[in-house]
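Below is one structure, written out as structure tokens; the observations come after it.
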Amino acid sequence: MSDRKATVPDEVVKRLDPTKDTLATVYLYSGNQCAFPDCGTAMFQDGQYVGELCHIEAAMTDGERFNPNSTNEERRHESNLMLMCGIHHRISDNVEKYPVERMRELKSDHERPFRMGFNNMLLEEILDRSAADILVPAKTTAALCDFFLLGLNVEEAQDSVRYWREFGEVLAGVTKNARMLLAVAIKYAHRNRDWGLTVPELSRRTQESEARIGELAVELEQSGIAHTAFDPEWYEHSVSVFVISSKFDEQLRTLVDYAVGVAIDPTEIVGKLRFDLLD
């Protein structure tokens with residue numbers, strides 16, 4: 001047996017937009033004020049947003065204070081973001097005067113009174129929702145490969161990591177509610193002519209209304225993941241059916257078979273984006 005270990009390919013650096021929940025959290029903690037000491041310029045003026053989102057560690061390699069050891073997700077996290085007015089954003093680009101440590105100090109000092117002043121339950125809910133949108137990619141997919149007895153070589157293992165990261169990014173592009181619905185659907189779906197289950201059955205299992213399932217199905221359909229269809233002759237049902245689309249059929253079948261086989265709830269991987277559970 002070879003002693004060579006599969007290595008993780010370097011992540012391609014790219015700018016990821018902060019999630020809506022992350023932006024809401026940053027704004028709440030800003031107190032609607034520039035974070036630069038003794039500035040206090042309002043981020044919203046006359047109903048218009050005039051502030052600027054500042055990265056402590058830059059999102060791209062040519063930016064200020066870029067950290068090559070951080071991931072794309074870490075660079076767009078709330079802990080790496082703060083709000084400033086345009087003038088002080090430019091001033092803080094002076095890396096010698098404003099290194100990472102100083103920027104973190106500015107953020108902490110500015111946000112402290114606002115963090116203390118908000119309702120803790122509200123903030124925890126916001127942070128929980130934000131964390132739920134962060135993809136935790138697999139580093140090796142070793143557990144998945146062992147489960148299916150794949151026996152991949154180093155290059156194939158790297159391709160596997162890349163394959164599942166790309167699919168994770170697809171899922172991260174839809175809301176958590178849509179992902180959770182999808183996770184329940186693939187767990188209980190019937191594998192007949194098409195892979196799916198009736199909307200009424202999915203409604204019973206998720207406690208979501210059929211109308212809400214239809215809304216989430218439209219969101220999933222836009223990403224080519226799943227859709228609803230009504231065709232009594234083909235599906236042999238007189239009601240709408242929630243169908244897993246063929247575009248990502250292979251990935252989802254693999255995930256649900258693996259999850260069930262190793263006693264992991266599919267919602268952990270598909271819903272919460274815990275792709276590290278494949279390692």
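Identifiers in the structure tokens: chain A, B, ... in order shown; residue index from 1 per chain; ligand index from 1 in order shown.
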
For stretch 88-105 of chain A: contacts at 8 Å, only C-alpha atoms, fewer than 2 positions along chain excluded, given as a list of chain:residue names: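 The residues satisfying every condition are A:Phe36, A:Glu52, A:Cys54, A:Ile56, A:Glu57, A:Glu64, A:Arg65, A:Met84, A:Cys85, A:Gly86, A:Lys107, A:Ser108, A:Asp109.
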
Contacts of stretch 199-214 of chain A within 6 Å, only C-alpha atoms, excl. fewer than 5 positions in-chain, as a PyMOL selection string: chain A and resi 240-242

Output N, CA, C and O atoms for every residue in the selection just made, as a PDB file, in the first residue's frame.
ATOM      1  N   SER A 240     -49.330  17.260  -7.457  1.00  0.00           N
ATOM      2  CA  SER A 240     -47.993  17.690  -7.862  1.00  0.00           C
ATOM      3  C   SER A 240     -46.921  16.850  -7.172  1.00  0.00           C
ATOM      4  O   SER A 240     -47.098  16.379  -6.049  1.00  0.00           O
ATOM      5  N   VAL A 241     -45.816  16.692  -7.866  1.00  0.00           N
ATOM      6  CA  VAL A 241     -44.702  15.888  -7.357  1.00  0.00           C
ATOM      7  C   VAL A 241     -43.455  16.763  -7.268  1.00  0.00           C
ATOM      8  O   VAL A 241     -43.164  17.550  -8.177  1.00  0.00           O
ATOM      9  N   PHE A 242     -42.727  16.636  -6.155  1.00  0.00           N
ATOM     10  CA  PHE A 242     -41.446  17.313  -5.984  1.00  0.00           C
ATOM     11  C   PHE A 242     -40.375  16.398  -6.564  1.00  0.00           C
ATOM     12  O   PHE A 242     -40.184  15.276  -6.083  1.00  0.00           O
TER      13      PHE A 242
END

Against stretch 244-264 of chain A, which residues of stretch 91-192 of chain A fall within 9 Å? For each one I want the closest pair of atoms and the distance in Å (one decimal), counting only C-alpha atoms, rows by chain and increasing residue number, as a tab-separated table.
residue	atom	partner	partner_atom	distance
A:Leu144	CA	A:Tyr258	CA	6.8
A:Phe147	CA	A:Tyr258	CA	7.1
A:Phe148	CA	A:Tyr258	CA	8.1
A:Trp164	CA	A:Gln251	CA	8.2
A:Phe167	CA	A:Gln251	CA	7.7
A:Leu182	CA	A:Ile244	CA	8.5
A:Ala183	CA	A:Val256	CA	8.3
A:Ala185	CA	A:Ile244	CA	8.4
A:Ile186	CA	A:Val256	CA	6.7
A:Lys187	CA	A:Val256	CA	6.4
A:Ala189	CA	A:Ile244	CA	8.7

Preceding selection exported with N, CA and C atoms as a PDB file, in the first residue's frame:
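New file part_36.pdb:
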ATOM      1  N   LEU A 144     -16.020   9.493   2.686  1.00  0.00           N
ATOM      2  CA  LEU A 144     -16.917   9.187   1.568  1.00  0.00           C
ATOM      3  C   LEU A 144     -16.292   8.135   0.658  1.00  0.00           C
ATOM      4  N   PHE A 147     -16.301   4.738   2.300  1.00  0.00           N
ATOM      5  CA  PHE A 147     -17.641   4.150   2.359  1.00  0.00           C
ATOM      6  C   PHE A 147     -17.996   3.460   1.045  1.00  0.00           C
ATOM      7  N   PHE A 148     -17.644   4.109  -0.067  1.00  0.00           N
ATOM      8  CA  PHE A 148     -17.976   3.550  -1.378  1.00  0.00           C
ATOM      9  C   PHE A 148     -16.828   2.702  -1.952  1.00  0.00           C
ATOM     10  N   TRP A 164     -16.802  18.095  -4.895  1.00  0.00           N
ATOM     11  CA  TRP A 164     -17.761  18.323  -3.824  1.00  0.00           C
ATOM     12  C   TRP A 164     -17.762  19.764  -3.354  1.00  0.00           C
ATOM     13  N   PHE A 167     -20.060  21.533  -5.809  1.00  0.00           N
ATOM     14  CA  PHE A 167     -21.474  21.262  -5.547  1.00  0.00           C
ATOM     15  C   PHE A 167     -21.925  21.973  -4.274  1.00  0.00           C
ATOM     16  N   LEU A 182     -34.945  20.380   0.650  1.00  0.00           N
ATOM     17  CA  LEU A 182     -34.291  19.434  -0.254  1.00  0.00           C
ATOM     18  C   LEU A 182     -33.747  18.232   0.511  1.00  0.00           C
ATOM     19  N   ALA A 183     -33.154  18.481   1.680  1.00  0.00           N
ATOM     20  CA  ALA A 183     -32.576  17.391   2.473  1.00  0.00           C
ATOM     21  C   ALA A 183     -33.642  16.388   2.889  1.00  0.00           C
ATOM     22  N   ALA A 185     -36.494  15.943   1.342  1.00  0.00           N
ATOM     23  CA  ALA A 185     -37.004  15.327   0.117  1.00  0.00           C
ATOM     24  C   ALA A 185     -36.131  14.165  -0.343  1.00  0.00           C
ATOM     25  N   ILE A 186     -34.813  14.353  -0.353  1.00  0.00           N
ATOM     26  CA  ILE A 186     -33.949  13.277  -0.851  1.00  0.00           C
ATOM     27  C   ILE A 186     -33.926  12.099   0.128  1.00  0.00           C
ATOM     28  N   LYS A 187     -34.181  12.369   1.396  1.00  0.00           N
ATOM     29  CA  LYS A 187     -34.195  11.296   2.389  1.00  0.00           C
ATOM     30  C   LYS A 187     -35.380  10.370   2.193  1.00  0.00           C
ATOM     31  N   ALA A 189     -37.549  10.480  -0.685  1.00  0.00           N
ATOM     32  CA  ALA A 189     -38.013  10.399  -2.072  1.00  0.00           C
ATOM     33  C   ALA A 189     -38.040   8.954  -2.569  1.00  0.00           C
TER      34      ALA A 189
END

Strand (DSSP E) per DSSP on the backbone: members of stretch 126-197 of chain A, as a ChimeraX atom specification: /A:190-191,195-197

Selection near A:Glu111, 10 Å with only C-alpha atoms, sequence-local residues under 3 positions removed, as a PyMOL selection string: chain A and resi 26-31+33+35+82+105-108+114-117
